[in-house]
$ cat work.txt   # compact mmCIF, C-alpha atoms
# COMPACT_ATOMS: atom_id res chain seq x y z
CA VAL D 24 0.00 0.00 0.00
CA LEU D 25 1.34 3.41 -1.01
CA LEU D 26 0.80 6.47 1.18
CA PHE D 27 1.34 10.07 0.13
CA ALA D 28 1.74 13.54 1.58
CA ARG D 29 -0.21 13.95 4.85
CA TYR D 30 -1.21 10.29 4.97
CA ALA D 31 2.45 9.24 4.74
CA GLU D 32 3.19 11.70 7.52
CA LEU D 33 0.40 10.31 9.74
CA LEU D 34 1.52 6.69 9.34
CA GLY D 35 5.22 7.54 9.32
CA THR D 36 5.84 5.69 6.07
CA GLU D 37 5.27 5.97 2.33
CA ARG D 38 4.84 2.27 1.79
CA THR D 39 3.52 -0.54 3.99
CA ASP D 40 2.01 -3.99 3.71
CA VAL D 41 -1.38 -5.17 4.89
CA PRO D 42 -2.02 -8.93 5.37
CA SER D 43 -4.30 -10.04 2.57
CA HIS D 44 -7.27 -12.36 2.72
CA PRO D 45 -9.64 -13.74 0.08
CA GLY D 46 -12.34 -11.27 -0.94
CA MET D 47 -10.37 -8.33 0.40
CA THR D 48 -11.49 -4.85 -0.75
CA VAL D 49 -9.93 -1.40 -0.81
CA GLY D 50 -12.10 -0.56 2.22
CA ASP D 51 -10.53 -3.44 4.17
CA VAL D 52 -7.08 -1.97 3.50
CA VAL D 53 -8.25 1.44 4.74
CA SER D 54 -9.71 -0.13 7.92
CA ALA D 55 -6.49 -2.02 8.62
CA LEU D 56 -4.44 1.17 8.25
CA ARG D 57 -6.79 3.21 10.45
CA ALA D 58 -6.14 0.69 13.25
CA ARG D 59 -2.37 1.33 13.05
CA PRO D 60 -0.54 3.88 15.26
CA GLY D 61 -1.23 7.31 13.72
CA GLY D 62 -3.89 5.77 11.47
CA SER D 63 -6.80 7.36 13.35
CA GLY D 64 -6.02 10.57 11.46
CA LEU D 65 -7.01 8.90 8.18
CA PRO D 66 -10.56 9.63 7.04
CA ALA D 67 -12.97 6.68 6.93
CA ARG D 68 -13.46 7.19 3.20
CA PRO D 69 -10.23 8.48 1.68
CA LEU D 70 -9.69 8.77 -2.05
CA CYS D 71 -8.02 5.53 -3.19
CA ALA D 72 -6.43 4.18 -6.35
CA VAL D 73 -5.82 0.64 -7.54
CA ASN D 74 -3.23 0.17 -10.30
CA LEU D 75 -3.13 3.92 -11.02
CA GLU D 76 -6.93 4.28 -11.35
CA GLN D 77 -9.26 5.81 -8.78
CA ALA D 78 -11.27 3.01 -7.16
CA PRO D 79 -14.23 2.92 -4.73
CA LEU D 80 -13.87 1.34 -1.28
CA GLY D 81 -15.84 -1.71 -2.44
CA HIS D 82 -13.31 -2.45 -5.19
CA PRO D 83 -12.09 -6.09 -4.81
CA LEU D 84 -8.35 -6.67 -4.73
CA ALA D 85 -6.30 -9.29 -6.53
CA PRO D 86 -2.77 -10.39 -5.63
CA GLY D 87 -0.22 -7.92 -6.94
CA ASP D 88 -2.62 -4.96 -7.10
CA GLU D 89 -0.97 -1.62 -6.25
CA VAL D 90 -3.20 0.17 -3.74
CA ALA D 91 -2.66 3.85 -2.92
CA LEU D 92 -4.36 6.19 -0.45
CA LEU D 93 -4.59 9.71 -1.84
CA PRO D 94 -5.03 12.81 0.38
CA PRO D 95 -7.21 15.61 -1.05
CA LEU D 96 -5.61 16.65 -4.34
CA ALA D 97 -3.86 20.00 -4.42
CA GLY D 98 -2.19 20.22 -7.80
CA GLY D 99 -2.28 23.15 -10.19
CA VAL Z 2 -7.51 63.92 -44.24
CA LEU Z 3 -5.65 60.67 -43.51
CA LEU Z 4 -6.23 57.54 -45.59
CA PHE Z 5 -5.11 54.04 -44.67
CA ALA Z 6 -4.59 50.61 -46.20
CA ARG Z 7 -7.03 49.95 -49.04
CA TYR Z 8 -8.44 53.48 -48.98
CA ALA Z 9 -4.94 54.93 -49.38
CA GLU Z 10 -4.41 52.53 -52.27
CA LEU Z 11 -7.68 53.59 -53.96
CA LEU Z 12 -6.93 57.31 -53.73
CA GLY Z 13 -3.19 56.87 -54.35
CA THR Z 14 -2.24 58.82 -51.25
CA GLU Z 15 -2.10 58.53 -47.48
CA ARG Z 16 -2.85 62.19 -46.85
CA THR Z 17 -4.83 64.77 -48.77
CA ASP Z 18 -6.64 68.03 -48.19
CA VAL Z 19 -10.29 68.81 -48.75
CA PRO Z 20 -11.43 72.47 -49.05
CA SER Z 21 -13.30 73.36 -45.88
CA HIS Z 22 -16.49 75.34 -45.52
CA PRO Z 23 -18.50 76.48 -42.51
CA GLY Z 24 -20.70 73.72 -41.05
CA MET Z 25 -18.66 71.02 -42.74
CA THR Z 26 -19.18 67.47 -41.43
CA VAL Z 27 -17.26 64.21 -41.68
CA GLY Z 28 -19.79 63.09 -44.27
CA ASP Z 29 -18.93 66.12 -46.45
CA VAL Z 30 -15.28 65.04 -46.41
CA VAL Z 31 -16.26 61.52 -47.47
CA SER Z 32 -18.42 62.86 -50.31
CA ALA Z 33 -15.59 65.08 -51.56
CA LEU Z 34 -13.17 62.16 -51.57
CA ARG Z 35 -15.63 59.84 -53.35
CA ALA Z 36 -15.79 62.40 -56.20
CA ARG Z 37 -12.00 62.18 -56.66
CA PRO Z 38 -10.29 59.83 -59.16
CA GLY Z 39 -10.33 56.37 -57.57
CA GLY Z 40 -12.70 57.61 -54.88
CA SER Z 41 -15.70 55.71 -56.25
CA GLY Z 42 -14.26 52.63 -54.52
CA LEU Z 43 -14.83 54.21 -51.12
CA PRO Z 44 -18.03 53.12 -49.39
CA ALA Z 45 -20.70 55.75 -48.83
CA ARG Z 46 -20.46 55.24 -45.07
CA PRO Z 47 -16.88 54.34 -44.16
CA LEU Z 48 -15.67 54.15 -40.58
CA CYS Z 49 -14.22 57.56 -39.72
CA ALA Z 50 -12.25 59.11 -36.89
CA VAL Z 51 -11.83 62.72 -35.80
CA ASN Z 52 -8.89 63.52 -33.53
CA LEU Z 53 -8.23 59.80 -32.86
CA GLU Z 54 -11.84 59.03 -31.87
CA GLN Z 55 -14.40 57.22 -34.01
CA ALA Z 56 -16.96 59.76 -35.23
CA PRO Z 57 -20.28 59.50 -37.09
CA LEU Z 58 -20.71 61.06 -40.56
CA GLY Z 59 -22.78 63.88 -39.04
CA HIS Z 60 -19.91 64.94 -36.76
CA PRO Z 61 -19.19 68.68 -37.32
CA LEU Z 62 -15.61 69.66 -38.05
CA ALA Z 63 -13.59 72.52 -36.61
CA PRO Z 64 -10.41 74.01 -38.11
CA GLY Z 65 -7.39 71.82 -37.27
CA ASP Z 66 -9.40 68.62 -36.73
CA GLU Z 67 -7.56 65.49 -37.89
CA VAL Z 68 -9.99 63.44 -39.98
CA ALA Z 69 -9.20 59.82 -40.92
CA LEU Z 70 -11.03 57.26 -43.08
CA LEU Z 71 -10.63 53.76 -41.70
CA PRO Z 72 -11.09 50.61 -43.82
CA PRO Z 73 -12.66 47.59 -42.07
CA LEU Z 74 -10.41 46.79 -39.09
CA ALA Z 75 -8.30 43.66 -39.35
CA GLY Z 76 -6.03 43.66 -36.29
CA GLY Z 77 -5.39 40.75 -33.97
CA MET J 14 3.94 51.87 -22.46
CA THR J 15 3.82 51.35 -26.20
CA HIS J 16 1.59 48.57 -27.54
CA LEU J 17 2.73 48.58 -31.17
CA SER J 18 6.01 47.02 -32.20
CA ARG J 19 7.93 46.46 -35.42
CA GLN J 20 10.15 43.90 -33.66
CA PRO J 21 9.18 40.26 -32.95
CA LEU J 22 6.93 40.03 -29.89
CA SER J 23 8.25 38.32 -26.76
CA VAL J 24 5.70 36.24 -24.88
CA GLU J 25 8.12 36.01 -21.94
CA ALA J 26 8.36 39.81 -21.78
CA LEU J 27 4.58 40.23 -21.60
CA LEU J 28 4.33 37.44 -19.04
CA ALA J 29 7.02 39.15 -16.92
CA ALA J 30 5.16 42.47 -17.18
CA VAL J 31 2.00 41.12 -15.50
CA ARG J 32 3.45 38.50 -13.13
CA ASP J 33 3.02 39.39 -9.49
CA PRO J 34 3.78 37.16 -6.48
CA SER J 35 0.45 38.13 -4.91
CA ARG J 36 -1.44 36.82 -7.97
CA GLY J 37 -1.17 33.20 -8.94
CA ALA J 38 -2.97 32.97 -12.28
CA VAL J 39 -1.80 34.23 -15.67
CA ALA J 40 -3.72 33.72 -18.92
CA ILE J 41 -1.98 34.52 -22.19
CA PHE J 42 -3.23 34.73 -25.76
CA VAL J 43 -0.89 34.54 -28.74
CA GLY J 44 -2.24 35.20 -32.24
CA ASP J 45 0.10 33.80 -34.89
CA VAL J 46 0.21 34.40 -38.64
CA ARG J 47 -1.50 31.42 -40.30
CA ASN J 48 -0.27 29.75 -43.49
CA HIS J 49 -3.71 29.79 -45.10
CA HIS J 50 -6.76 32.05 -45.43
CA GLY J 51 -9.93 31.47 -47.39
CA GLY J 52 -8.43 28.38 -49.02
CA ARG J 53 -5.34 30.19 -50.25
CA GLU J 54 -1.78 29.60 -49.09
CA VAL J 55 -0.40 32.66 -47.30
CA LEU J 56 3.32 33.35 -47.65
CA ARG J 57 3.60 36.45 -45.48
CA LEU J 58 1.65 39.52 -44.50
CA GLU J 59 1.96 43.14 -43.57
CA TYR J 60 0.23 44.97 -40.74
CA SER J 61 -0.24 48.72 -40.86
CA ALA J 62 -2.00 50.99 -38.39
CA TYR J 63 -3.26 54.46 -37.72
CA GLU J 64 -0.59 54.44 -35.07
CA PRO J 65 -1.55 57.21 -32.63
CA MET J 66 -5.19 56.07 -32.61
CA ALA J 67 -4.19 52.39 -32.33
CA GLU J 68 -1.96 53.14 -29.32
CA LYS J 69 -4.78 55.13 -27.75
CA GLU J 70 -7.33 52.34 -28.30
CA CYS J 71 -4.98 49.66 -26.92
CA HIS J 72 -4.43 51.78 -23.84
CA ALA J 73 -8.17 52.35 -23.44
CA ILE J 74 -8.92 48.61 -23.77
CA ILE J 75 -6.47 47.81 -20.98
CA GLU J 76 -7.88 50.53 -18.76
CA ASP J 77 -11.43 49.28 -19.40
CA ALA J 78 -10.47 45.69 -18.61
CA GLU J 79 -8.58 46.64 -15.45
CA ARG J 80 -11.66 48.51 -14.27
CA ARG J 81 -13.88 45.53 -15.04
CA TRP J 82 -11.76 42.74 -13.48
CA PRO J 83 -9.11 42.70 -10.73
CA VAL J 84 -6.36 41.96 -13.23
CA SER J 85 -3.07 43.32 -14.47
CA LEU J 86 -2.75 43.36 -18.27
CA ALA J 87 -0.18 43.63 -21.03
CA LEU J 88 -0.89 43.91 -24.76
CA ALA J 89 1.39 44.09 -27.79
CA HIS J 90 0.55 44.10 -31.52
CA ARG J 91 3.12 43.67 -34.24
CA LEU J 92 3.32 46.00 -37.27
CA GLY J 93 5.21 45.70 -40.56
CA ALA J 94 6.16 42.54 -42.45
CA LEU J 95 5.52 39.18 -40.73
CA GLU J 96 6.34 35.65 -41.77
CA VAL J 97 3.98 32.71 -41.32
CA GLY J 98 4.13 31.45 -37.71
CA GLU J 99 5.23 34.75 -36.17
CA ALA J 100 3.15 36.28 -33.38
CA ALA J 101 0.92 39.14 -34.54
CA VAL J 102 -0.59 39.89 -31.13
CA VAL J 103 0.06 38.86 -27.53
CA VAL J 104 -2.19 39.53 -24.50
CA ALA J 105 -1.26 38.59 -20.91
CA ALA J 106 -3.59 38.88 -17.89
CA SER J 107 -2.69 38.09 -14.28
CA ALA J 108 -5.23 37.70 -11.48
CA SER J 109 -5.74 35.95 -8.16
CA HIS J 110 -8.30 33.64 -9.73
CA ARG J 111 -7.91 31.88 -13.04
CA GLY J 112 -11.48 32.62 -14.15
CA GLU J 113 -10.80 36.35 -14.07
CA ALA J 114 -7.49 35.96 -15.87
CA PHE J 115 -9.11 33.94 -18.69
CA GLU J 116 -12.12 36.25 -19.00
CA ALA J 117 -10.07 39.45 -19.11
CA CYS J 118 -7.58 37.98 -21.59
CA ARG J 119 -10.37 36.84 -23.88
CA TRP J 120 -12.18 40.16 -23.65
CA VAL J 121 -9.04 42.14 -24.52
CA ILE J 122 -8.28 40.17 -27.69
CA ASP J 123 -11.94 40.46 -28.76
CA GLU J 124 -11.82 44.24 -28.23
CA VAL J 125 -8.50 44.55 -30.10
CA LYS J 126 -10.14 42.97 -33.13
CA ARG J 127 -13.21 45.13 -32.70
CA ARG J 128 -11.77 48.59 -32.21
CA VAL J 129 -8.04 49.02 -32.89
CA PRO J 130 -7.33 50.61 -36.31
CA ILE J 131 -4.94 48.03 -37.76
CA TRP J 132 -5.00 46.59 -41.29
CA LYS J 133 -3.58 43.44 -42.77
CA ARG J 134 -2.37 42.75 -46.30
CA GLU J 135 -1.80 39.12 -47.20
CA TYR J 136 0.60 37.83 -49.86
CA TYR J 137 -0.40 34.47 -51.35
CA ALA J 138 1.56 31.65 -52.94
CA ASP J 139 -0.30 32.29 -56.24
CA GLY J 140 1.23 35.75 -56.42
CA THR J 141 -1.91 37.67 -55.52
CA VAL J 142 -2.28 40.16 -52.69
CA ALA J 143 -5.39 41.09 -50.72
CA TRP J 144 -6.55 43.31 -47.89
CA VAL J 145 -8.18 41.30 -45.15
CA ASP J 146 -11.74 42.57 -44.70
CA PRO J 147 -13.81 40.75 -42.07
CA THR J 148 -16.92 42.54 -43.37
CA ALA J 149 -16.55 41.11 -46.91
CA SER J 150 -18.19 37.78 -47.73
CA SER J 151 -14.87 36.31 -48.91
CA GLY J 152 -12.99 37.87 -45.99
CA VAL J 153 -10.65 39.73 -48.34
CA VAL J 154 -10.58 42.47 -51.01
CA ALA J 155 -8.00 42.41 -53.81
CA ALA J 156 -5.04 44.75 -53.30
CA GLY J 157 -2.30 46.28 -55.41
CA GLN J 158 1.17 44.81 -55.19
CA GLY J 159 3.02 47.98 -54.60
CA MET J 160 2.70 50.71 -52.04
CA ALA J 161 3.01 49.81 -48.37
CA PRO J 162 0.71 52.28 -46.62
CA MET W 13 6.08 13.09 -23.26
CA THR W 14 6.56 13.58 -19.55
CA HIS W 15 4.30 16.11 -17.83
CA LEU W 16 6.05 16.28 -14.45
CA SER W 17 9.26 18.22 -14.00
CA ARG W 18 11.65 18.98 -11.16
CA GLN W 19 13.22 21.76 -13.23
CA PRO W 20 11.75 25.26 -13.72
CA LEU W 21 8.99 25.23 -16.34
CA SER W 22 9.52 27.04 -19.64
CA VAL W 23 6.46 28.81 -21.03
CA GLU W 24 8.30 29.27 -24.34
CA ALA W 25 8.93 25.52 -24.59
CA LEU W 26 5.24 24.67 -24.10
CA LEU W 27 4.25 27.40 -26.55
CA ALA W 28 6.69 25.98 -29.12
CA ALA W 29 5.28 22.47 -28.57
CA VAL W 30 1.76 23.47 -29.66
CA ARG W 31 2.48 26.18 -32.23
CA ASP W 32 1.52 25.20 -35.73
CA PRO W 33 1.47 27.48 -38.79
CA SER W 34 -1.95 26.12 -39.76
CA ARG W 35 -3.43 27.25 -36.42
CA GLY W 36 -3.41 30.89 -35.48
CA ALA W 37 -4.59 30.95 -31.86
CA VAL W 38 -2.70 29.87 -28.75
CA ALA W 39 -4.08 30.21 -25.21
CA ILE W 40 -1.70 29.63 -22.29
CA PHE W 41 -2.30 29.33 -18.57
CA VAL W 42 0.49 29.80 -16.05
CA GLY W 43 -0.13 29.03 -12.37
CA ASP W 44 2.47 30.70 -10.17
CA VAL W 45 3.31 30.15 -6.48
CA ARG W 46 1.57 32.91 -4.52
CA ASN W 47 3.14 34.74 -1.60
CA HIS W 48 0.07 34.34 0.59
CA HIS W 49 -2.60 31.76 1.41
CA GLY W 50 -5.41 31.99 3.93
CA GLY W 51 -4.03 35.24 5.31
CA ARG W 52 -0.57 33.77 5.94
CA GLU W 53 2.65 34.77 4.20
CA VAL W 54 4.02 31.87 2.15
CA LEU W 55 7.81 31.60 1.85
CA ARG W 56 8.04 28.55 -0.37
CA LEU W 57 6.32 25.25 -1.04
CA GLU W 58 6.88 21.69 -2.05
CA TYR W 59 4.89 19.66 -4.56
CA SER W 60 4.87 15.88 -4.40
CA ALA W 61 2.97 13.40 -6.56
CA TYR W 62 1.99 9.80 -7.04
CA GLU W 63 4.15 10.10 -10.11
CA PRO W 64 3.09 7.22 -12.39
CA MET W 65 -0.60 7.95 -11.75
CA ALA W 66 -0.07 11.71 -12.16
CA GLU W 67 1.65 11.18 -15.52
CA LYS W 68 -1.16 8.89 -16.60
CA GLU W 69 -3.87 11.38 -15.57
CA CYS W 70 -2.12 14.28 -17.32
CA HIS W 71 -1.89 12.21 -20.47
CA ALA W 72 -5.56 11.23 -20.20
CA ILE W 73 -6.65 14.85 -19.69
CA ILE W 74 -4.84 15.90 -22.86
CA GLU W 75 -6.31 13.02 -24.85
CA ASP W 76 -9.79 13.86 -23.57
CA ALA W 77 -9.39 17.53 -24.47
CA GLU W 78 -8.00 16.78 -27.93
CA ARG W 79 -11.01 14.56 -28.57
CA ARG W 80 -13.37 17.27 -27.38
CA TRP W 81 -11.89 20.26 -29.25
CA PRO W 82 -9.79 20.59 -32.43
CA VAL W 83 -6.74 21.65 -30.43
CA SER W 84 -3.15 20.68 -29.80
CA LEU W 85 -2.16 20.72 -26.12
CA ALA W 86 0.87 20.76 -23.86
CA LEU W 87 0.86 20.45 -20.07
CA ALA W 88 3.65 20.55 -17.49
CA HIS W 89 3.48 20.48 -13.68
CA ARG W 90 6.44 21.22 -11.45
CA LEU W 91 7.41 18.96 -8.53
CA GLY W 92 9.80 19.49 -5.62
CA ALA W 93 10.70 22.75 -3.87
CA LEU W 94 9.40 25.99 -5.42
CA GLU W 95 9.97 29.61 -4.50
CA VAL W 96 7.25 32.27 -4.50
CA GLY W 97 6.63 33.51 -8.06
CA GLU W 98 7.81 30.34 -9.80
CA ALA W 99 5.47 28.55 -12.22
CA ALA W 100 3.82 25.45 -10.71
CA VAL W 101 1.83 24.54 -13.80
CA VAL W 102 1.70 25.60 -17.46
CA VAL W 103 -0.95 24.66 -20.04
CA ALA W 104 -0.78 25.65 -23.73
CA ALA W 105 -3.55 25.08 -26.29
CA SER W 106 -3.39 25.92 -30.00
CA ALA W 107 -6.41 25.99 -32.31
CA SER W 108 -7.68 27.61 -35.47
CA HIS W 109 -10.19 29.64 -33.45
CA ARG W 110 -9.43 31.48 -30.26
CA GLY W 111 -12.63 30.36 -28.54
CA GLU W 112 -11.56 26.72 -28.78
CA ALA W 113 -8.04 27.50 -27.58
CA PHE W 114 -9.37 29.35 -24.51
CA GLU W 115 -12.00 26.71 -23.68
CA ALA W 116 -9.61 23.77 -23.97
CA CYS W 117 -6.90 25.54 -21.95
CA ARG W 118 -9.37 26.39 -19.19
CA TRP W 119 -10.81 22.87 -19.14
CA VAL W 120 -7.36 21.29 -18.87
CA ILE W 121 -6.30 23.36 -15.86
CA ASP W 122 -9.65 22.66 -14.17
CA GLU W 123 -9.19 18.91 -14.75
CA VAL W 124 -5.59 18.99 -13.49
CA LYS W 125 -6.83 20.42 -10.21
CA ARG W 126 -9.68 17.92 -10.08
CA ARG W 127 -7.95 14.63 -10.87
CA VAL W 128 -4.14 14.64 -10.89
CA PRO W 129 -2.65 13.18 -7.66
CA ILE W 130 -0.36 16.01 -6.63
CA TRP W 131 0.03 17.48 -3.13
CA LYS W 132 1.33 20.77 -1.88
CA ARG W 133 3.06 21.59 1.39
CA GLU W 134 3.36 25.29 2.23
CA TYR W 135 6.03 26.86 4.44
CA TYR W 136 4.94 30.10 6.12
CA ALA W 137 6.81 33.14 7.38
CA ASP W 138 5.64 32.33 10.95
CA GLY W 139 7.58 29.04 10.83
CA THR W 140 4.54 26.79 10.46
CA VAL W 141 3.97 24.26 7.69
CA ALA W 142 0.69 22.96 6.29
CA TRP W 143 -0.69 20.61 3.68
CA VAL W 144 -2.98 22.41 1.28
CA ASP W 145 -6.41 20.74 1.45
CA PRO W 146 -9.10 22.31 -0.76
CA THR W 147 -11.72 20.19 1.06
CA ALA W 148 -10.90 21.68 4.49
CA SER W 149 -12.74 24.80 5.62
CA SER W 150 -9.45 26.62 6.24
CA GLY W 151 -7.94 25.28 3.01
CA VAL W 152 -5.03 23.69 4.88
CA VAL W 153 -4.20 21.03 7.47
CA ALA W 154 -1.19 21.40 9.79
CA ALA W 155 1.85 19.40 8.74
CA GLY W 156 5.05 18.19 10.34
CA GLN W 157 8.26 20.03 9.53
CA GLY W 158 10.32 17.08 8.59
CA MET W 159 9.84 14.32 6.11
CA ALA W 160 9.43 15.22 2.45
CA PRO W 161 7.14 12.51 1.05
$ encode --input "work.txt" --output "structure tokens"
Amino acid sequence: VLLFARYAELLGTERTDVPSHPGMTVGDVVSALRARPGGSGLPARPLCAVNLEQAPLGHPLAPGDEVALLPPLAGG
Amino acid sequence: VLLFARYAELLGTERTDVPSHPGMTVGDVVSALRARPGGSGLPARPLCAVNLEQAPLGHPLAPGDEVALLPPLAGG
Amino acid sequence: MTHLSRQPLSVEALLAAVRDPSRGAVAIFVGDVRNHHGGREVLRLEYSAYEPMAEKECHAIIEDAERRWPVSLALAHRLGALEVGEAAVVVAASASHRGEAFEACRWVIDEVKRRVPIWKREYYADGTVAWVDPTASSGVVAAGQGMAP
Amino acid sequence: MTHLSRQPLSVEALLAAVRDPSRGAVAIFVGDVRNHHGGREVLRLEYSAYEPMAEKECHAIIEDAERRWPVSLALAHRLGALEVGEAAVVVAASASHRGEAFEACRWVIDEVKRRVPIWKREYYADGTVAWVDPTASSGVVAAGQGMAP
């Protein structure tokens, strides 16, 4: 799981692993991270991406998927 | 009287004089020029300026006024 | 400031003239000489102006726009002989908000076309020459080859 | 083409990338780093990105715009440390008609803000640091001083 900007700061890392299980969704990854130290600062429904595409929390994950949690965008 | 672009080409000059008379208007200047050789190519109601401001044909002229006949604008 | 130039226009110079660290948005318009007009291949063209009136109108357009939007503006129009691809006109507008910068920039170029006394003579690949006339149905009126007013 | 750059952006380079002698109109947007935000004096800032996704989104925005309007587009976003007054983003759009160039340019910058994963950390004159968050009521969320993600 990739973390960026404020979310990386909250969790103290830009990249971490979450134990996988069959039927796992993006929302399960978010819940696991919110239970980590510093993770309570993450919103319940952050913007997420799977394999470089925005994905809803219900999006199912397959082995090898690249999951990313994206803080509110501030480009431009 | 100042002439520009196609109007200067029609009359063969960029500057000419028109005899003045009391009560003369911009339209009188246009009429005088249209009677000149080449002047028949001028429209009856060209865009005109007096002292660097657009002026209608009925605009009265005073001695020393700078009158200009402006072909259709094509800047930009 | 003078808005008419016989030298190539510098987009960077106009950008620098309006940039301001308190304003984050700059919109720029560049009008280039096209290689075709009305189905004919254009080789080059010539802009002429009623210069004192054109300067005055450019100045008035900028003043009007700066009254209408909280923007800072720069405007330059080229005169003389231009090759295809060269910039004929450049407008730059800086503002705190991009909407204002875009609107003011767009309004200025529209007004330049509407009210600045500038004329354009196009030279075509077939050897003919014409005055551009946006009021004519063909967009042009035949011109002589010779005198450069 | 790569749309993300750690070097200063060149407006001239983006202009040159879209200029085309068959198209006469170019609209450009430049977004500069402002010296203030939310009433606080900004000294400098840092942009970071989810780089492969940001490149992909920039590319998709340009493809979408070029499908929607008859335009040619260039887009560059700066990453890393920027000083006040430096360009953070530049968009250039060329078209045959100025309306299309302005509309496409405006749409692209709006989409960049809406969907490209880029983040901004601001450093203020009072020594504080914050993440810019357009969804927060204050527009920012306090940040740590240290790690540069």
$ residues_around --input "work.txt" --residues "region 81-88 of chain W" --least-positions-apart "2" --cutoff "10 Å" --atoms "all atoms listed in the file" --output "PyMOL selection string"
(chain D and resi 99) or (chain W and resi 13-17+21-23+25-32+35+37-42+67+70-71+73-79+90-91+99-109+112-113+115-117+120-121+124)
$ atom_distance --input "work.txt" --atom1 "CA of Ala55 (chain D)" --atom2 "CA of Gln77 (chain D)"
19.3 Å
$ residues_around --input "work.txt" --residues "Leu96 (chain D)" --least-positions-apart "5" --cutoff "9 Å" --atoms "all atoms listed in the file" --output "list in words"
Lys125, Arg126, Arg127, Val128, Pro129, Ile130, Trp131, Lys132, Val144, Asp145, Pro146 and Thr147 of chain W
$ write_last_selection --input "work.txt" --atoms "C-alpha atoms" --output "PDB file, keeping the file's coordinate frame"
ATOM      1  CA  LYS W 125      -6.830  20.420 -10.210  1.00  0.00           C
ATOM      2  CA  ARG W 126      -9.680  17.920 -10.080  1.00  0.00           C
ATOM      3  CA  ARG W 127      -7.950  14.630 -10.870  1.00  0.00           C
ATOM      4  CA  VAL W 128      -4.140  14.640 -10.890  1.00  0.00           C
ATOM      5  CA  PRO W 129      -2.650  13.180  -7.660  1.00  0.00           C
ATOM      6  CA  ILE W 130      -0.360  16.010  -6.630  1.00  0.00           C
ATOM      7  CA  TRP W 131       0.030  17.480  -3.130  1.00  0.00           C
ATOM      8  CA  LYS W 132       1.330  20.770  -1.880  1.00  0.00           C
ATOM      9  CA  VAL W 144      -2.980  22.410   1.280  1.00  0.00           C
ATOM     10  CA  ASP W 145      -6.410  20.740   1.450  1.00  0.00           C
ATOM     11  CA  PRO W 146      -9.100  22.310  -0.760  1.00  0.00           C
ATOM     12  CA  THR W 147     -11.720  20.190   1.060  1.00  0.00           C
TER      13      THR W 147
END
$ closest_residue --input "work.txt" --among "D:Asp40, D:Glu89, D:Asp51, D:Glu76" --to "chain W" --atoms "only C-alpha atoms"
D:Glu76
$ closest_residue --input "work.txt" --among "W:Met65, W:Val141, W:Val153, W:Ala148" --to "chain D" --atoms "all atoms listed in the file"
W:Met65
$ atom_distance --input "work.txt" --atom1 "CA of Leu65 (chain D)" --atom2 "CA of Val45 (chain W)"
27.8 Å
$ interface_residues --input "work.txt" --of "chain D" --to "chain W" --cutoff "8 Å" --atoms "only C-alpha atoms" --output "JSON, numbers by chain"
{"D": [27, 28, 29, 31, 32, 37, 75, 76, 93, 94, 95, 96, 97, 98, 99]}
$ closest_residue --input "work.txt" --among "J:Ser35, J:Gly93, J:Ala73, J:Gly52" --to "Arg19 (chain J)" --atoms "all atoms listed in the file"
J:Gly93
$ residues_around --input "work.txt" --residues "Pro45 (chain D)" --least-positions-apart "6" --cutoff "10 Å" --atoms "all atoms listed in the file" --output "PyMOL selection string"
chain D and resi 83-86
$ closest_residue --input "work.txt" --among "W:Leu94, W:Arg56, W:Gly50, W:Phe114" --to "chain J" --atoms "only C-alpha atoms"
W:Phe114
$ atom_distance --input "work.txt" --atom1 "CA of Leu34 (chain D)" --atom2 "CA of Pro60 (chain D)"
6.9 Å
$ closest_residue --input "work.txt" --among "J:Gly112, J:Gly140, J:Pro21, J:Gly98" --to "chain W" --atoms "all atoms listed in the file"
J:Gly98
$ closest_residue --input "work.txt" --among "J:Ser150, J:Glu99, J:Arg81, J:Gln20" --to "chain W" --atoms "only C-alpha atoms"
J:Glu99
$ build_atoms --input "work.txt" --residues "region 33-40 of chain J" --atoms "N, CA and C atoms" --output "PDB file, in the coordinates of the input"
ATOM      1  N   ASP J  33       3.065  38.685 -10.767  1.00  0.00           N
ATOM      2  CA  ASP J  33       3.020  39.390  -9.490  1.00  0.00           C
ATOM      3  C   ASP J  33       2.891  38.303  -8.426  1.00  0.00           C
ATOM      4  N   PRO J  34       3.817  38.263  -7.454  1.00  0.00           N
ATOM      5  CA  PRO J  34       3.780  37.160  -6.480  1.00  0.00           C
ATOM      6  C   PRO J  34       2.505  37.109  -5.650  1.00  0.00           C
ATOM      7  N   SER J  35       1.714  38.180  -5.665  1.00  0.00           N
ATOM      8  CA  SER J  35       0.450  38.130  -4.910  1.00  0.00           C
ATOM      9  C   SER J  35      -0.676  37.547  -5.757  1.00  0.00           C
ATOM     10  N   ARG J  36      -0.419  37.335  -7.052  1.00  0.00           N
ATOM     11  CA  ARG J  36      -1.440  36.820  -7.970  1.00  0.00           C
ATOM     12  C   ARG J  36      -0.932  35.538  -8.598  1.00  0.00           C
ATOM     13  N   GLY J  37      -1.694  34.486  -8.500  1.00  0.00           N
ATOM     14  CA  GLY J  37      -1.170  33.200  -8.940  1.00  0.00           C
ATOM     15  C   GLY J  37      -1.516  32.784 -10.356  1.00  0.00           C
ATOM     16  N   ALA J  38      -2.473  33.462 -10.994  1.00  0.00           N
ATOM     17  CA  ALA J  38      -2.970  32.970 -12.280  1.00  0.00           C
ATOM     18  C   ALA J  38      -2.636  33.932 -13.410  1.00  0.00           C
ATOM     19  N   VAL J  39      -2.046  33.409 -14.485  1.00  0.00           N
ATOM     20  CA  VAL J  39      -1.800  34.230 -15.670  1.00  0.00           C
ATOM     21  C   VAL J  39      -2.375  33.519 -16.889  1.00  0.00           C
ATOM     22  N   ALA J  40      -3.224  34.226 -17.647  1.00  0.00           N
ATOM     23  CA  ALA J  40      -3.720  33.720 -18.920  1.00  0.00           C
ATOM     24  C   ALA J  40      -3.081  34.545 -20.032  1.00  0.00           C
TER      25      ALA J  40
END
